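coords_35.cif follows (mmCIF, C-alpha atoms and all ligand atoms):
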data_entry
loop_
_atom_site.label_atom_id
_atom_site.label_comp_id
_atom_site.auth_asym_id
_atom_site.auth_seq_id
_atom_site.Cartn_x
_atom_site.Cartn_y
_atom_site.Cartn_z
CA MET L 1 -149.92 138.74 21.98
CA GLU L 2 -151.32 141.60 19.92
CA MET L 3 -155.02 142.18 20.30
CA THR L 4 -157.33 142.47 17.30
CA VAL L 5 -159.51 145.60 17.20
CA ILE L 6 -161.75 145.87 14.16
CA ILE L 7 -163.67 149.06 13.45
CA SER L 8 -166.35 148.58 10.83
CA ASN L 9 -166.03 151.01 8.00
CA HIS L 10 -169.21 149.76 6.38
CA PRO L 11 -171.30 152.70 5.07
CA LEU L 12 -174.50 151.28 6.61
CA VAL L 13 -172.80 150.99 10.00
CA GLN L 14 -171.41 154.51 9.85
CA HIS L 15 -174.75 155.96 8.66
CA LYS L 16 -176.73 154.28 11.42
CA LEU L 17 -174.12 155.25 14.03
CA SER L 18 -174.50 158.91 13.10
CA ILE L 19 -178.25 158.73 13.83
CA LEU L 20 -177.66 156.75 17.02
CA ARG L 21 -175.32 159.40 18.39
CA ASN L 22 -177.80 162.23 17.77
CA VAL L 23 -179.16 163.62 21.04
CA ASN L 24 -182.58 164.04 19.38
CA THR L 25 -182.99 160.37 18.44
CA GLU L 26 -185.95 158.95 20.40
CA PRO L 27 -185.74 155.68 22.41
CA LYS L 28 -187.81 153.71 19.86
CA LYS L 29 -185.52 154.65 16.98
CA PHE L 30 -182.48 154.28 19.24
CA ARG L 31 -183.45 150.69 20.10
CA GLN L 32 -184.00 149.87 16.44
CA LEU L 33 -180.56 151.22 15.53
CA VAL L 34 -178.84 149.32 18.35
CA ARG L 35 -180.52 146.13 17.08
CA GLU L 36 -179.53 146.77 13.47
CA LEU L 37 -175.96 147.81 14.26
CA ALA L 38 -175.51 144.74 16.44
CA ALA L 39 -176.53 142.52 13.53
CA LEU L 40 -174.27 144.28 11.03
CA LEU L 41 -171.25 144.17 13.34
CA THR L 42 -171.88 140.55 14.24
CA TYR L 43 -172.05 139.64 10.56
CA GLU L 44 -168.47 140.90 10.31
CA ALA L 45 -167.37 139.49 13.67
CA THR L 46 -168.49 135.97 12.77
CA SER L 47 -166.69 135.79 9.42
CA ASP L 48 -164.13 133.31 10.80
CA LEU L 49 -166.49 130.90 12.59
CA ALA L 50 -165.77 127.25 11.89
CA THR L 51 -168.07 125.35 9.53
CA THR L 52 -168.54 121.69 8.78
CA PRO L 53 -169.67 120.07 5.50
CA VAL L 54 -173.28 118.97 5.21
CA ASP L 55 -175.19 117.46 2.30
CA VAL L 56 -178.61 118.99 1.74
CA GLN L 57 -181.33 117.60 -0.48
CA THR L 58 -182.72 120.40 -2.67
CA PRO L 59 -185.86 119.79 -4.78
CA LEU L 60 -183.45 118.83 -7.60
CA ALA L 61 -180.34 117.18 -6.19
CA VAL L 62 -177.97 116.98 -3.27
CA ALA L 63 -176.06 120.21 -2.60
CA HIS L 64 -172.77 120.18 -0.74
CA CYS L 65 -173.14 122.89 1.87
CA ARG L 66 -171.55 124.04 5.10
CA GLU L 67 -173.14 124.66 8.46
CA LEU L 68 -171.88 126.23 11.67
CA LYS L 69 -169.75 123.76 13.57
CA GLU L 70 -169.68 125.28 17.02
CA LYS L 71 -172.41 126.19 19.46
CA ILE L 72 -172.55 129.95 19.91
CA GLY L 73 -173.42 131.78 23.11
CA LEU L 74 -174.64 135.37 23.08
CA VAL L 75 -173.70 137.12 26.31
CA PRO L 76 -175.36 140.51 26.72
CA ILE L 77 -174.11 142.59 29.63
CA LEU L 78 -177.21 143.91 31.41
CA ARG L 79 -178.80 146.26 30.84
CA ALA L 80 -177.58 148.00 27.73
CA GLY L 81 -176.37 144.82 26.02
CA LEU L 82 -179.94 143.50 26.01
CA GLY L 83 -180.85 145.73 23.08
CA MET L 84 -178.20 144.03 20.94
CA VAL L 85 -179.52 140.50 21.42
CA GLU L 86 -182.53 140.45 19.07
CA GLY L 87 -180.59 141.60 16.02
CA VAL L 88 -177.87 139.01 16.56
CA TRP L 89 -180.26 136.22 17.51
CA GLU L 90 -182.16 136.63 14.26
CA LEU L 91 -178.92 135.86 12.42
CA MET L 92 -178.07 132.89 14.63
CA PRO L 93 -181.36 131.54 16.00
CA SER L 94 -179.77 128.37 17.34
CA SER L 95 -177.41 130.28 19.63
CA GLU L 96 -177.97 130.34 23.38
CA VAL L 97 -178.34 133.59 25.32
CA TRP L 98 -176.61 133.84 28.69
CA HIS L 99 -177.16 137.08 30.60
CA ILE L 100 -174.48 138.64 32.78
CA GLY L 101 -175.45 141.51 35.08
CA VAL L 102 -172.68 144.05 35.63
CA TYR L 103 -173.06 147.73 36.39
CA ARG L 104 -170.50 150.42 36.97
CA ASP L 105 -170.38 151.93 40.40
CA GLU L 106 -171.03 155.61 39.68
CA LYS L 107 -168.30 156.82 42.03
CA THR L 108 -165.50 154.29 41.59
CA LEU L 109 -166.42 153.33 37.98
CA LYS L 110 -165.53 149.76 39.01
CA PRO L 111 -167.73 146.91 37.72
CA VAL L 112 -170.17 145.33 40.17
CA GLN L 113 -171.50 141.89 39.25
CA TYR L 114 -175.15 141.26 40.20
CA TYR L 115 -176.46 138.52 37.92
CA ASN L 116 -174.88 135.29 36.71
CA LYS L 117 -176.86 132.07 36.20
CA LEU L 118 -174.34 130.24 34.07
CA PRO L 119 -174.58 126.46 34.48
CA VAL L 120 -171.55 124.70 35.94
CA GLU L 121 -170.29 123.37 32.60
CA PRO L 122 -170.12 125.57 29.50
CA ARG L 123 -172.63 124.50 26.83
CA VAL L 124 -171.18 126.68 24.07
CA GLN L 125 -167.79 126.81 22.37
CA VAL L 126 -167.84 130.45 21.22
CA CYS L 127 -169.20 133.45 23.15
CA LEU L 128 -169.99 136.88 21.79
CA ILE L 129 -170.05 139.48 24.58
CA LEU L 130 -172.61 142.13 23.63
CA ASP L 131 -172.42 145.63 25.12
CA PRO L 132 -172.81 148.90 23.22
CA MET L 133 -170.23 150.80 25.28
CA LEU L 134 -166.61 149.96 26.10
CA ALA L 135 -165.69 152.87 28.38
CA THR L 136 -163.16 152.13 31.16
CA GLY L 137 -163.37 148.50 30.03
CA GLY L 138 -164.16 147.28 33.55
CA SER L 139 -167.47 145.64 32.61
CA ALA L 140 -166.03 143.91 29.54
CA VAL L 141 -162.96 142.65 31.43
CA ALA L 142 -165.15 141.32 34.28
CA THR L 143 -167.42 139.52 31.81
CA ALA L 144 -164.53 137.98 29.88
CA ASP L 145 -163.09 136.85 33.26
CA ILE L 146 -166.41 135.15 34.06
CA LEU L 147 -166.58 133.40 30.68
CA LYS L 148 -162.99 132.18 30.85
CA THR L 149 -163.55 130.86 34.38
CA TRP L 150 -166.65 129.12 32.99
CA GLY L 151 -164.36 127.41 30.48
CA VAL L 152 -165.12 129.12 27.17
CA LYS L 153 -162.06 129.13 24.92
CA LYS L 154 -163.17 131.46 22.14
CA ILE L 155 -164.59 134.86 23.09
CA LYS L 156 -165.25 137.99 21.06
CA PHE L 157 -166.49 141.40 22.18
CA VAL L 158 -169.05 143.12 19.96
CA GLY L 159 -169.82 146.72 20.90
CA LEU L 160 -170.77 149.96 19.23
CA ILE L 161 -168.43 152.64 20.62
CA GLY L 162 -165.15 152.16 22.46
CA ALA L 163 -162.80 154.50 24.29
CA PRO L 164 -159.01 154.12 24.09
CA GLU L 165 -158.98 153.45 27.86
CA GLY L 166 -161.35 150.47 27.52
CA ILE L 167 -159.43 148.99 24.64
CA ALA L 168 -156.17 149.32 26.60
CA LEU L 169 -157.69 147.55 29.63
CA MET L 170 -158.97 144.69 27.47
CA GLU L 171 -155.57 144.43 25.81
CA LYS L 172 -153.93 144.18 29.24
CA HIS L 173 -156.27 141.48 30.60
CA HIS L 174 -157.69 139.71 27.54
CA PRO L 175 -155.48 140.27 24.48
CA ASP L 176 -156.93 137.08 22.99
CA VAL L 177 -160.44 138.56 22.82
CA PRO L 178 -160.98 140.40 19.51
CA ILE L 179 -162.96 143.63 19.75
CA HIS L 180 -165.48 144.63 17.07
CA LEU L 181 -166.82 148.19 17.14
CA ALA L 182 -168.43 150.82 14.94
CA ALA L 183 -166.11 153.55 16.29
CA ILE L 184 -163.29 154.39 18.68
CA ASP L 185 -163.93 157.77 20.26
CA ASP L 186 -161.64 160.36 21.69
CA HIS L 187 -161.62 160.05 25.47
CA LEU L 188 -163.57 159.52 28.69
CA ASN L 189 -164.83 162.52 30.63
CA GLU L 190 -164.46 162.90 34.41
CA LYS L 191 -167.61 160.78 34.94
CA GLY L 192 -166.33 157.97 32.74
CA TYR L 193 -168.58 158.77 29.78
CA ILE L 194 -167.25 158.30 26.28
CA VAL L 195 -166.79 161.63 24.44
CA PRO L 196 -168.34 162.35 22.00
CA GLY L 197 -170.08 158.96 22.45
CA LEU L 198 -173.85 158.82 22.58
CA GLY L 199 -174.59 159.38 26.26
CA ASP L 200 -175.91 156.60 28.48
CA ALA L 201 -176.74 153.65 26.25
CA GLY L 202 -178.96 151.97 28.88
CA ASP L 203 -180.93 155.10 29.68
CA ARG L 204 -181.40 156.01 26.02
CA GLN L 205 -182.76 152.53 25.18
CA PHE L 206 -185.04 152.18 28.14
CA GLY L 207 -186.13 155.81 28.48
CA THR L 208 -184.76 156.08 32.00
CA GLY L 209 -182.45 159.07 31.59
C1 LIG L 301 -172.73 150.82 30.78
C2 LIG L 301 -172.48 150.05 29.50
C3 LIG L 301 -171.40 149.11 29.88
C4 LIG L 301 -170.61 149.91 30.88
C5 LIG L 301 -169.38 150.40 30.21
O1 LIG L 301 -173.50 150.11 31.67
O2 LIG L 301 -173.60 149.41 29.01
O3 LIG L 301 -171.86 147.91 30.47
O4 LIG L 301 -171.43 151.01 31.28
O5 LIG L 301 -168.57 151.03 31.11
P1 LIG L 301 -167.17 150.47 31.54
O6 LIG L 301 -166.45 150.08 30.28
O7 LIG L 301 -166.54 151.66 32.20
O8 LIG L 301 -167.36 149.32 32.47
P2 LIG L 301 -174.03 150.73 33.06
O9 LIG L 301 -173.07 150.45 34.16
O10 LIG L 301 -174.40 152.16 32.83
O11 LIG L 301 -175.30 149.86 33.35
P3 LIG L 301 -176.66 149.72 32.53
O12 LIG L 301 -176.32 149.01 31.24
O13 LIG L 301 -177.49 148.91 33.44
O14 LIG L 301 -177.21 151.10 32.27
N1 LIG L 302 -171.76 153.71 29.63
C1 LIG L 302 -172.57 154.37 28.76
O1 LIG L 302 -173.73 154.02 28.59
N2 LIG L 302 -172.06 155.43 28.10
C2 LIG L 302 -170.80 155.84 28.24
O2 LIG L 302 -170.39 156.82 27.58
C3 LIG L 302 -169.98 155.15 29.15
C4 LIG L 302 -170.49 154.08 29.82
#

So that I can check it, write out the structure of this file as structure tokens.
Ligand code: PRP
Ligand code: URA
Amino acid sequence: MEMTVIISNHPLVQHKLSILRNVNTEPKKFRQLVRELAALLTYEATSDLATTPVDVQTPLAVAHCRELKEKIGLVPILRAGLGMVEGVWELMPSSEVWHIGVYRDEKTLKPVQYYNKLPVEPRVQVCLILDPMLATGGSAVATADILKTWGVKKIKFVGLIGAPEGIALMEKHHPDVPIHLAAIDDHLNEKGYIVPGLGDAGDRQFGTG
């Protein structure tokens, strides 16, 4: 199965990404851009969601409309994915937000799971994994594993910047999970950071760097 990787070429996305990457961009502006980019990328990532017909009474007549058919779950990977939630939630206010805590061990770069309060049965049909950075891909693969074990059939990954290594790992483990990004960068450095990237997405949002 060939995996779908979609890089947004939208001028607004590329413009905002250029400010996000800038080392001089302050946390407040950085958070705003993460929120806005998440919304723009999700707008594109949700273009194939199923809809169902619904008749709506306007002040004048009945209009034949369509509404979202499936329940959507937003799954931010803590911490950095948190900053993407608000922008996406504003577009889909009836979606549910399920947090997954995964961090990378600094030495091994392997994902360590530390938070998961998913109920026994899945309550959503579609999940959007939200995380700005797809570096080695360990965190994204671990989260997709968790969601599939939970029973979710349709999963998409929405991020901002990906590395070839992370995309390859997702393709190996979850080729059925489409990846939506604003950019694919060149490589990972010896510490597992995406180059040129934007640095540490969690630290830059929360001012902890
Ligand atoms: C960052 C980022 C991803 C992960 C990506 O999180 O937000 O979750 O690294 O790296 P990977 O593809 O190699 O797994 P980090 O572990 O720094 O935790 P944080 O969000 O709490 O800062
Ligand atoms: N996590 C980040 O926040 N940045 C990177 O470049 C890689 C992982």

Problem set entry | Among listed residues L:Arg79, L:Arg21, L:Lys154, L:Lys148, nearest ligand LIG 301 (chain L) (using only C-alpha atoms and all ligand atoms) |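 Once distances to ligand LIG 301 (chain L) are computed over only C-alpha atoms and all ligand atoms, the minimum belongs to L:Arg79.
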
Exercise. Ligand LIG 301 (chain L): which residues are within 10 Å, counting only C-alpha atoms and all ligand atoms, as a PyMOL selection string?
Worked result: chain L and resi 76-83+100-106+108-112+130-143+159+161-163+165-167+169-170+188+191-194+199-206+208-209

Exercise. What does the distance from atom CA of L:Pro164 to atom CA of L:Ile6 come to in Å, to one decimal?
Worked result: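 One can read the atom CA of L:Pro164 to atom CA of L:Ile6 distance as 13.2 Å.
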
Edge lengths and centre in Å, axis-aligned, stretch 42-53 of chain L plus 5 Å each side, as JSON:
{"center_x": -168.1, "center_y": 130.5, "center_z": 9.9, "size_x": 17.9, "size_y": 30.8, "size_z": 18.7}

Exercise. Got a sec: who's within 8 Å of L:Thr4, counting all atoms listed in the file, leaving out chain neighbours fewer than 5 positions off, as number ranges by chain?
Worked result: L: 175-179

For this session: Take atom CA of L:Trp150 and atom CA of L:Glu67 and report the distance between them in Å, one decimal.
Result: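 If I compute the distance from atom CA of L:Trp150 to atom CA of L:Glu67, I get 25.8 Å.
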
For this session: Choose the residue, out of L:Lys69, L:Lys172, L:His99, L:His187, that has the smallest atom-to-atom separation from L:Ile146; count only C-alpha atoms.
Result: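 Closest to L:Ile146, using only C-alpha atoms: L:His99.
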
Exercise. With all atoms listed in the file as the basis for distance, which of L:Lys16, L:Val195, L:Gln57, L:Ala144 is at the shortest distance from ligand LIG 302 (chain L)?
Worked result: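 Closest to ligand LIG 302 (chain L), using all atoms listed in the file: L:Val195.
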
Problem set entry | Residues within 9 Å of L:Lys29, all atoms listed in the file, excluding chain neighbours under 4 positions, as a list in words | Ile19, Leu20, Thr25, Leu33, Val34 and Gln205 of chain L

Seminar exercise, completed: Atom pair atom CA of L:Trp89 + atom CA of L:Glu171, distance 27.3 Å

For this session: Using all atoms listed in the file, find the one residue out of L:Thr46, L:Glu2, L:Lys107, L:Met84 that sits nearest to L:Glu190.
Result: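 Comparing L:Thr46, L:Glu2, L:Lys107, L:Met84 against L:Glu190, the winner is L:Lys107.
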